[in-house]
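*Asks:* Mind looking over this structure? Questions follow.
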Amino acid sequence: MYSVALNHTDFDVYSLPDGDYPMPADDTVVSLDKSFSPVSYFKDEKWDFNDFFNTNGAPKSQYIFRFPKGKHNAKLLLELKQRAYFLVWGGKGRLLDVGNPFRKIESCFNIIRYTEKILRCFKNTQINHLSMLSNELVFNQVLQELSVKSEAVSLLTLKQLNILSSLNSYFPENRHYELGIPEGKTINQVAKKYSLTGKGHYPTVIPVIYEQLMGHLINDVEAAFLDLDILNNVKKFAQNKNITERKAVETFKVYESACFVTCSAFTGMRISELQCITHDSYKEIEVEGITLPTLRSWTRKLEKISREDVWACSPICQKALSVLRELNSDHRSEKNNIHISPRFSFESQAKTGNNIKCSKKEVLLNTKGLSDLFKFYSNHINIQYIPSTMNEAYSLLNPVISERYEPRKQREDETIYWHFSSHSLRRSFAHFVVGNGLVSLASLKQQFKHIHLSMTAIYASHSDVLTLLGIENQASIKRDIEQAEEVAHIKYLKDMVEHPEEQSGGFMKAFEGDPRVMTEKEFEALAKKTKGANKTTGYGRCFAGVKCKLAHIFEPSNCVAEDCENLNINKEEAFRWQKRHRSLCFNIEKMKKLGLFNRNTLARELTDIRAAEKVMFEHGIDFNRFELGSL
């Protein structure tokens with residue numbers, strides 16, 4: 001084989017002219033034969049280096065660089081060819097210069113082979129320069145493509161992409177790039193995390209499960225807060241509630257786990273940060289006249305020493321901490337230490353006794369102790385996962401979940417329940433609050449204490465939950481209806497009771513008797529009861545007020561799916577669902593065509609589409625069921 005260190009002057013005949021960042025043209029020579037005559041030119045889709053370099057009978061395909069035009073963004077492919085040219089030719093007198101460790105023709109072939117394939121993901125997009133790979137969100141598209149590859153292929157692909165960045169000196173500064181690898185992470189770590197055979201992601205909780213969790217959390221924390229004055233002593237609590245002491249201990253554990261999970265779910269804290277909150281971590285701060293609820297804790301993961309930090313939260317966290325402060329405080333060795341959890345033994349060796357015999361060794365709620373509480377609470381609330389109706393959304397939100405992080409746990413009776421963890425709630429927090437003005441990605445970066453935006457982008461995607469963290473939805477349609485005169489409310493109710501056959505949703509289904517025969521007095525009572533307690537997005541109306549079983553989150557798609565007894569959809573609103581269905585179907589097809597869809601966004605939009613189809617079916621509106629097809 002010819003030496004790669006040859007500095008033969010005949011090579012320089014084909015070198016680019018001197019100047020500021022000269023670039024090869026279509027007729028620039030890129031490969032030679034043994035007599036130094038041209039074989040391939042820059043414009044060609046195949047650069048054949050066999051005649052000069054393949055001297056040992058290796059497969060010819062290993063010495064051909066391929067640049068298929070039909071599979072790429074044209075400008076991005078052009079830059080890939082430019083970098084491939086400099087990879088081989090370097091500069092004048094530097095053909096395959098051994099001063100660069102990558103400059104063996106076989107190495108160059110592998111670099112182009114892997115980078116060409118991964119950059120196909122940007123076909124039909126506006127990603128037209130490699131410099132854009134420095135952007136965390138753009139680079140995340142590459143990571144999504146690698147999620148179906150093995151760890152070895154993912155690692156090799158990222159390394160080859162990184163090698164191309166070593167050629168930045170041949171380009172003006174605005175064309176330079178570095179891979180958007182999260183700070184503090186190595187290429188090896190990223191490849192392992194995103195590859196098919198790596199550990200994968202923590203799961204994002206699907207919307208219908210997430211809403212049920214929020215409902216359980218708020219209900220349990222509110223119930224505990226009502227008993228705040230008797231939570232300090234488990235025996236006193238049992239006596240006051242006229243229940244056994246064993247039952248009281250069990251109730252306290254439910255309260256304890258619900259409060260810690262609440263602080264996790266409404267902040268996105270890591271479990272190590274959850275371990276550092278105290279009974280007085282809740283603080284309200286004023287920013288430009290707006291009072292914001294926050295939790296204060298300590299960040300350790302990214303720091304050499306612990307650093308106090310602040311998380312935005314919901315007011316429910318204040319109640320959760322108040323409960324944790326009082327819970328079993330008479331039995332703690334440190335009264336205000338919420339991370340000390342008293343335990344008790346009961347009379348009777350058969351474990352059937354209902355009275356406390358004595359105190360056992362306290363449990364320290366460190367990261368392991370808190371993880372056990374998450375496991376306990378998941379079992380306690382027992383939110384059922386129904387494959388037939390939930391698999392579609394799950395597979396879109398969670399394309400790469402290893403068995404280690406699998407949230408769907410099967411019981412002996414073959415039913416499946418959802419297991420929650422702090423990190424899955426962290427991902428879910430990001431999914432549900434980024435988008436539609438709740439918070440920005442940059443704000444979430446601060447909330448998560450990330451040092452690089454790409455770390456946050458991994459978690460977040462656009463979504464359209466209407467209200468969370470105590471933030472009221474600001475959609476214009478809601479503002480308009482909330483400010484409407486009382487006559488609009490009466491008009492809506494009259495339409496409901498006079499035309500029940502034109503309504504859908506659980507409200508009319510749960511209505512007792514025939515609403516059309518209501519007396520005027522009964523109608524006035526209904527109007528008074530529902531006035532100020534209803535809210536709408538224009539796709540239905542919720543009559544629950546603060547008592548909604550979906551925990552203050554009026555999200556019409558999942559209210560429709562669950563036939564929430566507080567939701568009503570009239571004919572006019574049903575036609576809005578029809579229009580929404582058309583728009584969403586068009587958007588998904590467009591996203592598929594452009595290759596820019598995000599699986600998280602897709603899961604939410606598909607949930608909306610299925611809800612729209614249910615509404616149209618119940619109102620007798622013709623429609624064609626949307627089929628997702630292959631992605």
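Please note that chains go A, B, ... in the order of the structure tokens, that every chain numbers its residues from 1, and that ligands are numbered from 1 in the order shown.
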Applying 12 Å and only C-alpha atoms, which residues near region 570-581 of chain A remain after dropping the ones on its own chain fewer than 5 positions away? List them as a PyMOL selection string.

*Replies:* chain A and resi 491-508+536-542+556-557+560+586-588+605-626

*Asks:* Contacts of Ser422 (chain A) at 9 Å or less, counting only C-alpha atoms, minus same-chain residues fewer than 2 places along, as number ranges by chain?

*Replies:* A: 261, 264-265, 268-271, 274, 371, 374, 420, 424-427

*Asks:* Nearest to Asn73 (chain A): which of A:Lys123, A:Lys357, A:Lys104, A:Lys60 is it, counting only C-alpha atoms?

*Replies:*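 When distances to Asn73 (chain A) are compared using only C-alpha atoms, the smallest one comes from A:Lys123.
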
*Asks:* Work out how far CA of Gln141 (chain A) is from CA of Glu173 (chain A), in Å to one decimal.

*Replies:*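 Going from CA of Glu173 (chain A) over to CA of Gln141 (chain A) covers 23.6 Å.
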
*Asks:* Take CA of Phe65 (chain A) and CA of Cys121 (chain A) and report the distance between them in Å, one decimal.

*Replies:*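 Going from CA of Phe65 (chain A) over to CA of Cys121 (chain A), I get 18.9 Å.
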
*Asks:* I need the strand (DSSP E or B) residues of region 309-350 of chain A per DSSP on the backbone, written as a list in words.

*Replies:*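 The residues of region 309-350 of chain A classed as strand (DSSP E or B) are Asp309, Val310, Trp311, Ala312, Ile340, Ser341, Pro342, Arg343, Phe344, Ser345 and Phe346 of chain A.
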
*Asks:* Once you have the residues from the selection above, write them out as a compact mmCIF listing (two decimals), in the first residue's frame, restricted to all heavy atoms.

*Replies:*
# COMPACT_ATOMS: atom_id res chain seq x y z
N ASP A 309 -30.62 26.61 46.57
CA ASP A 309 -31.28 27.04 45.35
C ASP A 309 -32.78 27.12 45.56
O ASP A 309 -33.29 26.72 46.60
CB ASP A 309 -30.95 26.07 44.21
CG ASP A 309 -30.57 26.82 42.94
OD1 ASP A 309 -31.17 27.89 42.69
OD2 ASP A 309 -29.66 26.36 42.22
N VAL A 310 -33.48 27.63 44.56
CA VAL A 310 -34.91 27.90 44.67
C VAL A 310 -35.64 27.24 43.50
O VAL A 310 -35.19 27.30 42.37
CB VAL A 310 -35.19 29.42 44.65
CG1 VAL A 310 -36.68 29.70 44.72
CG2 VAL A 310 -34.47 30.11 45.80
N TRP A 311 -36.77 26.63 43.81
CA TRP A 311 -37.63 26.01 42.79
C TRP A 311 -39.01 26.67 42.83
O TRP A 311 -39.59 26.81 43.92
CB TRP A 311 -37.81 24.52 43.06
CG TRP A 311 -36.66 23.66 42.65
CD1 TRP A 311 -36.57 22.87 41.54
CD2 TRP A 311 -35.43 23.48 43.35
NE1 TRP A 311 -35.36 22.22 41.51
CE2 TRP A 311 -34.63 22.58 42.61
CE3 TRP A 311 -34.90 24.01 44.53
CZ2 TRP A 311 -33.38 22.18 43.00
CZ3 TRP A 311 -33.64 23.62 44.93
CH2 TRP A 311 -32.90 22.72 44.16
N ALA A 312 -39.52 27.05 41.68
CA ALA A 312 -40.91 27.47 41.62
C ALA A 312 -41.79 26.27 41.92
O ALA A 312 -41.45 25.14 41.57
CB ALA A 312 -41.23 28.03 40.24
N ILE A 340 -37.09 12.30 59.31
CA ILE A 340 -37.10 11.23 60.29
C ILE A 340 -38.53 10.69 60.38
O ILE A 340 -39.47 11.43 60.63
CB ILE A 340 -36.64 11.73 61.68
CG1 ILE A 340 -35.14 12.05 61.63
CG2 ILE A 340 -36.93 10.68 62.75
CD1 ILE A 340 -34.61 12.61 62.94
N SER A 341 -38.68 9.41 60.12
CA SER A 341 -40.00 8.80 60.05
C SER A 341 -40.16 7.74 61.14
O SER A 341 -39.54 6.67 61.05
CB SER A 341 -40.23 8.19 58.67
OG SER A 341 -41.53 7.66 58.57
N PRO A 342 -40.93 8.01 62.18
CA PRO A 342 -41.14 7.02 63.25
C PRO A 342 -41.82 5.75 62.72
O PRO A 342 -42.63 5.79 61.80
CB PRO A 342 -42.05 7.75 64.24
CG PRO A 342 -41.81 9.21 63.97
CD PRO A 342 -41.58 9.29 62.50
N ARG A 343 -41.47 4.61 63.33
CA ARG A 343 -42.09 3.34 62.99
C ARG A 343 -42.52 2.66 64.29
O ARG A 343 -41.97 2.92 65.37
CB ARG A 343 -41.12 2.44 62.21
CG ARG A 343 -40.79 2.97 60.82
CD ARG A 343 -42.00 2.89 59.90
NE ARG A 343 -41.69 3.26 58.53
CZ ARG A 343 -41.89 4.46 58.03
NH1 ARG A 343 -42.36 5.42 58.83
NH2 ARG A 343 -41.62 4.73 56.77
N PHE A 344 -43.51 1.78 64.18
CA PHE A 344 -44.09 1.19 65.39
C PHE A 344 -44.26 -0.32 65.21
O PHE A 344 -44.44 -0.82 64.09
CB PHE A 344 -45.46 1.82 65.68
CG PHE A 344 -45.43 3.33 65.76
CD1 PHE A 344 -45.69 4.11 64.63
CD2 PHE A 344 -45.12 3.96 66.95
CE1 PHE A 344 -45.67 5.49 64.70
CE2 PHE A 344 -45.09 5.35 67.03
CZ PHE A 344 -45.37 6.11 65.90
N SER A 345 -44.23 -1.02 66.35
CA SER A 345 -44.60 -2.44 66.36
C SER A 345 -45.93 -2.55 67.09
O SER A 345 -46.27 -1.71 67.93
CB SER A 345 -43.53 -3.28 67.05
OG SER A 345 -43.37 -2.87 68.41
N PHE A 346 -46.67 -3.60 66.77
CA PHE A 346 -48.02 -3.76 67.30
C PHE A 346 -48.11 -4.99 68.19
O PHE A 346 -47.30 -5.92 68.11
CB PHE A 346 -49.03 -3.86 66.16
CG PHE A 346 -49.10 -2.61 65.32
CD1 PHE A 346 -48.25 -2.44 64.24
CD2 PHE A 346 -50.00 -1.60 65.64
CE1 PHE A 346 -48.32 -1.30 63.47
CE2 PHE A 346 -50.07 -0.46 64.88
CZ PHE A 346 -49.22 -0.29 63.79

*Asks:* I'd like the contact shell of Lys409 (chain A) - 12 Å cut-off, only C-alpha atoms, skipping same-chain residues fewer than 3 positions apart - returned as an NGL selection string.

*Replies:* :A and (375 or 378-379 or 382-387 or 403-406 or 412-420)

*Asks:* Would you mind exporting N, CA and C atoms of the selected residues as a PDB file, in the first residue's frame?

*Replies:*
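Saved file result02.pdb follows:
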ATOM      1  N   LYS A 375     -42.446   4.107  45.859  1.00  0.00           N
ATOM      2  CA  LYS A 375     -42.939   2.762  45.548  1.00  0.00           C
ATOM      3  C   LYS A 375     -44.214   2.465  46.321  1.00  0.00           C
ATOM      4  N   SER A 378     -47.175   4.514  44.885  1.00  0.00           N
ATOM      5  CA  SER A 378     -47.601   3.957  43.598  1.00  0.00           C
ATOM      6  C   SER A 378     -48.504   2.754  43.811  1.00  0.00           C
ATOM      7  N   ASN A 379     -48.128   1.888  44.755  1.00  0.00           N
ATOM      8  CA  ASN A 379     -48.958   0.730  45.069  1.00  0.00           C
ATOM      9  C   ASN A 379     -50.284   1.147  45.691  1.00  0.00           C
ATOM     10  N   ASN A 382     -52.588   2.867  43.060  1.00  0.00           N
ATOM     11  CA  ASN A 382     -52.917   1.782  42.135  1.00  0.00           C
ATOM     12  C   ASN A 382     -53.602   2.289  40.861  1.00  0.00           C
ATOM     13  N   ILE A 383     -52.953   3.242  40.176  1.00  0.00           N
ATOM     14  CA  ILE A 383     -53.519   3.765  38.934  1.00  0.00           C
ATOM     15  C   ILE A 383     -53.332   2.729  37.833  1.00  0.00           C
ATOM     16  N   GLN A 384     -54.418   2.280  37.279  1.00  0.00           N
ATOM     17  CA  GLN A 384     -54.384   1.187  36.314  1.00  0.00           C
ATOM     18  C   GLN A 384     -53.913   1.662  34.939  1.00  0.00           C
ATOM     19  N   TYR A 385     -53.028   0.868  34.365  1.00  0.00           N
ATOM     20  CA  TYR A 385     -52.585   1.078  32.996  1.00  0.00           C
ATOM     21  C   TYR A 385     -53.364   0.118  32.105  1.00  0.00           C
ATOM     22  N   ILE A 386     -54.072   0.684  31.113  1.00  0.00           N
ATOM     23  CA  ILE A 386     -54.912  -0.124  30.232  1.00  0.00           C
ATOM     24  C   ILE A 386     -54.267  -0.151  28.848  1.00  0.00           C
ATOM     25  N   PRO A 387     -53.611  -1.256  28.489  1.00  0.00           N
ATOM     26  CA  PRO A 387     -52.850  -1.304  27.232  1.00  0.00           C
ATOM     27  C   PRO A 387     -53.660  -0.922  26.008  1.00  0.00           C
ATOM     28  N   GLU A 403     -35.787  -1.986  30.642  1.00  0.00           N
ATOM     29  CA  GLU A 403     -36.541  -2.738  31.647  1.00  0.00           C
ATOM     30  C   GLU A 403     -36.291  -2.185  33.046  1.00  0.00           C
ATOM     31  N   ARG A 404     -35.102  -1.652  33.253  1.00  0.00           N
ATOM     32  CA  ARG A 404     -34.736  -1.114  34.568  1.00  0.00           C
ATOM     33  C   ARG A 404     -35.665   0.013  35.004  1.00  0.00           C
ATOM     34  N   TYR A 405     -36.132   0.824  34.036  1.00  0.00           N
ATOM     35  CA  TYR A 405     -36.964   1.978  34.347  1.00  0.00           C
ATOM     36  C   TYR A 405     -38.427   1.779  33.954  1.00  0.00           C
ATOM     37  N   GLU A 406     -38.790   0.571  33.586  1.00  0.00           N
ATOM     38  CA  GLU A 406     -40.149   0.290  33.137  1.00  0.00           C
ATOM     39  C   GLU A 406     -41.167   0.670  34.213  1.00  0.00           C
ATOM     40  N   GLU A 412     -50.157 -10.009  40.259  1.00  0.00           N
ATOM     41  CA  GLU A 412     -50.434 -11.429  40.104  1.00  0.00           C
ATOM     42  C   GLU A 412     -51.733 -11.688  39.349  1.00  0.00           C
ATOM     43  N   ASP A 413     -52.703 -10.777  39.480  1.00  0.00           N
ATOM     44  CA  ASP A 413     -53.969 -10.957  38.769  1.00  0.00           C
ATOM     45  C   ASP A 413     -53.895 -10.444  37.329  1.00  0.00           C
ATOM     46  N   GLU A 414     -52.655 -10.111  36.870  1.00  0.00           N
ATOM     47  CA  GLU A 414     -52.369  -9.670  35.506  1.00  0.00           C
ATOM     48  C   GLU A 414     -52.840  -8.250  35.197  1.00  0.00           C
ATOM     49  N   THR A 415     -53.379  -7.546  36.200  1.00  0.00           N
ATOM     50  CA  THR A 415     -53.643  -6.126  35.998  1.00  0.00           C
ATOM     51  C   THR A 415     -52.314  -5.377  36.045  1.00  0.00           C
ATOM     52  N   ILE A 416     -52.288  -4.206  35.440  1.00  0.00           N
ATOM     53  CA  ILE A 416     -51.052  -3.422  35.353  1.00  0.00           C
ATOM     54  C   ILE A 416     -51.267  -2.075  36.028  1.00  0.00           C
ATOM     55  N   TYR A 417     -50.335  -1.680  36.866  1.00  0.00           N
ATOM     56  CA  TYR A 417     -50.411  -0.360  37.489  1.00  0.00           C
ATOM     57  C   TYR A 417     -49.157   0.420  37.154  1.00  0.00           C
ATOM     58  N   TRP A 418     -49.221   1.733  37.360  1.00  0.00           N
ATOM     59  CA  TRP A 418     -48.112   2.630  37.010  1.00  0.00           C
ATOM     60  C   TRP A 418     -47.269   2.912  38.249  1.00  0.00           C
ATOM     61  N   HIS A 419     -45.969   2.654  38.121  1.00  0.00           N
ATOM     62  CA  HIS A 419     -45.032   2.951  39.213  1.00  0.00           C
ATOM     63  C   HIS A 419     -44.354   4.299  38.940  1.00  0.00           C
ATOM     64  N   PHE A 420     -44.417   5.199  39.907  1.00  0.00           N
ATOM     65  CA  PHE A 420     -43.849   6.539  39.765  1.00  0.00           C
ATOM     66  C   PHE A 420     -42.476   6.613  40.431  1.00  0.00           C
TER      67      PHE A 420
END

*Asks:* Any chance you could list, as a ChimeraX atom specification, the residues in region 58-245 of chain A that come up helix (DSSP H, G or I) when DSSP is run on the backbone?

*Replies:* /A:60-63,69-71,74-89,105-122,130-134,136-146,151-170,173-175,187-194,207-226,228-230,234-241,245

*Asks:* Pick the closest to Glu222 (chain A) from A:Gly629, A:Thr262, A:Phe49, A:Gln239: which is it, counting only C-alpha atoms?

*Replies:* A:Thr262

*Asks:* Kindly give the distance, in Å, that separates CA of Pro68 (chain A) and CA of Ile118 (chain A), rounded to a single decimal.

*Replies:*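 So the answer is 12.7 Å.
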
*Asks:* Find the residues around Asp280 (chain A) up to 9 Å (only C-alpha atoms counted), leave out those fewer than 3 positions away in its own chain, and share them as JSON, numbers by chain.

*Replies:* {"A": [277, 283, 295, 296, 318, 321, 322, 325]}

*Asks:* How would the residues just chosen look if you wrote them out with C-alpha atoms as a PDB file, in the first residue's frame?

*Replies:*
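Output (result.pdb):
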ATOM      1  CA  ILE A 277     -35.928  20.226  51.780  1.00  0.00           C
ATOM      2  CA  LYS A 283     -41.184  30.724  50.749  1.00  0.00           C
ATOM      3  CA  LEU A 295     -39.333  25.757  47.630  1.00  0.00           C
ATOM      4  CA  ARG A 296     -35.771  26.160  48.817  1.00  0.00           C
ATOM      5  CA  GLN A 318     -46.927  24.670  51.460  1.00  0.00           C
ATOM      6  CA  LEU A 321     -44.668  20.696  54.152  1.00  0.00           C
ATOM      7  CA  SER A 322     -47.028  21.735  56.950  1.00  0.00           C
ATOM      8  CA  ARG A 325     -43.810  19.062  59.875  1.00  0.00           C
TER       9      ARG A 325
END

*Asks:* Between A:Met23, A:Leu324, A:Ala84, A:Ala258, which has the minimum distance to Phe376 (chain A) (counting only C-alpha atoms)?

*Replies:*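 The shortest atom-to-atom distance to Phe376 (chain A) comes from A:Ala258.
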
*Asks:* Write out as a list in words the residues lying within 10 Å of Thr244 (chain A), counting only C-alpha atoms and excluding same-chain residues fewer than 2 positions away.

*Replies:*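 Listing them by chain and then by number gives Lys235, Phe237, Ala238, Gln239, Lys241, Asn242, Arg246, Lys247, Ala248, Val249, Glu250, Gly353, Asn354, Asn355 and Ile356 of chain A.
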
*Asks:* May I have the residues from that selection written out with all heavy atoms, as a compact mmCIF listing (two decimals), in the first residue's frame?

*Replies:*
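Generated file (result.txt):
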# COMPACT_ATOMS: atom_id res chain seq x y z
N LYS A 235 -51.54 8.12 68.09
CA LYS A 235 -52.57 7.58 68.99
C LYS A 235 -53.73 8.56 69.14
O LYS A 235 -54.89 8.17 69.15
CB LYS A 235 -51.96 7.26 70.35
CG LYS A 235 -50.98 6.09 70.32
CD LYS A 235 -50.56 5.70 71.72
CE LYS A 235 -49.66 4.46 71.70
NZ LYS A 235 -49.28 4.03 73.05
N PHE A 237 -54.60 10.73 66.95
CA PHE A 237 -55.30 10.72 65.67
C PHE A 237 -56.28 9.54 65.59
O PHE A 237 -57.43 9.69 65.17
CB PHE A 237 -54.28 10.62 64.52
CG PHE A 237 -54.89 10.63 63.15
CD1 PHE A 237 -55.17 11.82 62.51
CD2 PHE A 237 -55.17 9.43 62.49
CE1 PHE A 237 -55.73 11.84 61.23
CE2 PHE A 237 -55.73 9.43 61.22
CZ PHE A 237 -56.01 10.64 60.59
N ALA A 238 -55.82 8.36 66.05
CA ALA A 238 -56.68 7.17 66.02
C ALA A 238 -57.91 7.37 66.90
O ALA A 238 -59.03 7.01 66.52
CB ALA A 238 -55.89 5.95 66.47
N GLN A 239 -57.69 7.95 68.07
CA GLN A 239 -58.80 8.17 69.00
C GLN A 239 -59.78 9.19 68.43
O GLN A 239 -61.01 9.00 68.51
CB GLN A 239 -58.26 8.66 70.35
CG GLN A 239 -59.33 8.82 71.41
CD GLN A 239 -58.74 9.25 72.75
OE1 GLN A 239 -57.55 9.54 72.86
NE2 GLN A 239 -59.57 9.27 73.78
N LYS A 241 -60.36 9.95 65.30
CA LYS A 241 -61.03 9.44 64.11
C LYS A 241 -61.81 8.15 64.38
O LYS A 241 -62.47 7.62 63.48
CB LYS A 241 -60.01 9.18 62.99
CG LYS A 241 -59.33 10.43 62.47
CD LYS A 241 -60.33 11.31 61.74
CE LYS A 241 -59.66 12.52 61.11
NZ LYS A 241 -60.61 13.37 60.38
N ASN A 242 -61.69 7.66 65.61
CA ASN A 242 -62.37 6.43 66.00
C ASN A 242 -61.97 5.26 65.09
O ASN A 242 -62.80 4.52 64.58
CB ASN A 242 -63.90 6.60 65.96
CG ASN A 242 -64.62 5.48 66.69
OD1 ASN A 242 -64.07 4.85 67.61
ND2 ASN A 242 -65.84 5.20 66.29
N ARG A 246 -53.42 0.82 64.27
CA ARG A 246 -52.79 0.29 63.06
C ARG A 246 -53.26 1.06 61.83
O ARG A 246 -52.47 1.42 60.96
CB ARG A 246 -53.08 -1.21 62.91
CG ARG A 246 -52.47 -1.83 61.66
CD ARG A 246 -52.83 -3.29 61.53
NE ARG A 246 -52.16 -4.10 62.52
CZ ARG A 246 -50.92 -4.59 62.39
NH1 ARG A 246 -50.23 -4.31 61.30
NH2 ARG A 246 -50.39 -5.33 63.33
N LYS A 247 -54.57 1.30 61.77
CA LYS A 247 -55.12 2.04 60.65
C LYS A 247 -54.58 3.47 60.62
O LYS A 247 -54.30 4.03 59.54
CB LYS A 247 -56.65 2.05 60.73
CG LYS A 247 -57.33 2.81 59.59
CD LYS A 247 -57.07 2.15 58.26
CE LYS A 247 -57.82 2.85 57.15
NZ LYS A 247 -57.54 2.26 55.81
N ALA A 248 -54.41 4.05 61.78
CA ALA A 248 -53.87 5.41 61.86
C ALA A 248 -52.44 5.46 61.34
O ALA A 248 -52.06 6.38 60.61
CB ALA A 248 -53.92 5.91 63.30
N VAL A 249 -51.64 4.46 61.69
CA VAL A 249 -50.26 4.39 61.20
C VAL A 249 -50.24 4.25 59.68
O VAL A 249 -49.44 4.89 58.99
CB VAL A 249 -49.51 3.21 61.87
CG1 VAL A 249 -48.17 2.97 61.18
CG2 VAL A 249 -49.30 3.49 63.36
N GLU A 250 -51.12 3.43 59.16
CA GLU A 250 -51.21 3.26 57.71
C GLU A 250 -51.61 4.56 57.03
O GLU A 250 -51.07 4.92 55.98
CB GLU A 250 -52.21 2.16 57.38
CG GLU A 250 -51.77 0.76 57.83
CD GLU A 250 -52.87 -0.26 57.66
OE1 GLU A 250 -54.01 0.13 57.32
OE2 GLU A 250 -52.61 -1.47 57.89
N GLY A 353 -52.60 -7.53 65.61
CA GLY A 353 -52.95 -6.57 66.66
C GLY A 353 -53.16 -5.19 66.09
O GLY A 353 -52.51 -4.78 65.13
N ASN A 354 -54.06 -4.47 66.72
CA ASN A 354 -54.40 -3.13 66.22
C ASN A 354 -53.84 -2.02 67.09
O ASN A 354 -53.96 -0.85 66.74
CB ASN A 354 -55.92 -2.99 66.13
CG ASN A 354 -56.49 -3.79 64.96
OD1 ASN A 354 -55.89 -3.83 63.90
ND2 ASN A 354 -57.62 -4.43 65.18
N ASN A 355 -53.27 -2.36 68.23
CA ASN A 355 -52.75 -1.34 69.14
C ASN A 355 -51.23 -1.31 69.08
O ASN A 355 -50.57 -2.35 68.98
CB ASN A 355 -53.23 -1.60 70.56
CG ASN A 355 -54.73 -1.45 70.69
OD1 ASN A 355 -55.32 -0.55 70.09
ND2 ASN A 355 -55.35 -2.34 71.46
N ILE A 356 -50.68 -0.11 69.20
CA ILE A 356 -49.22 0.05 69.17
C ILE A 356 -48.62 -0.52 70.45
O ILE A 356 -49.07 -0.21 71.56
CB ILE A 356 -48.85 1.53 69.02
CG1 ILE A 356 -49.29 2.05 67.64
CG2 ILE A 356 -47.36 1.74 69.21
CD1 ILE A 356 -49.08 3.53 67.44
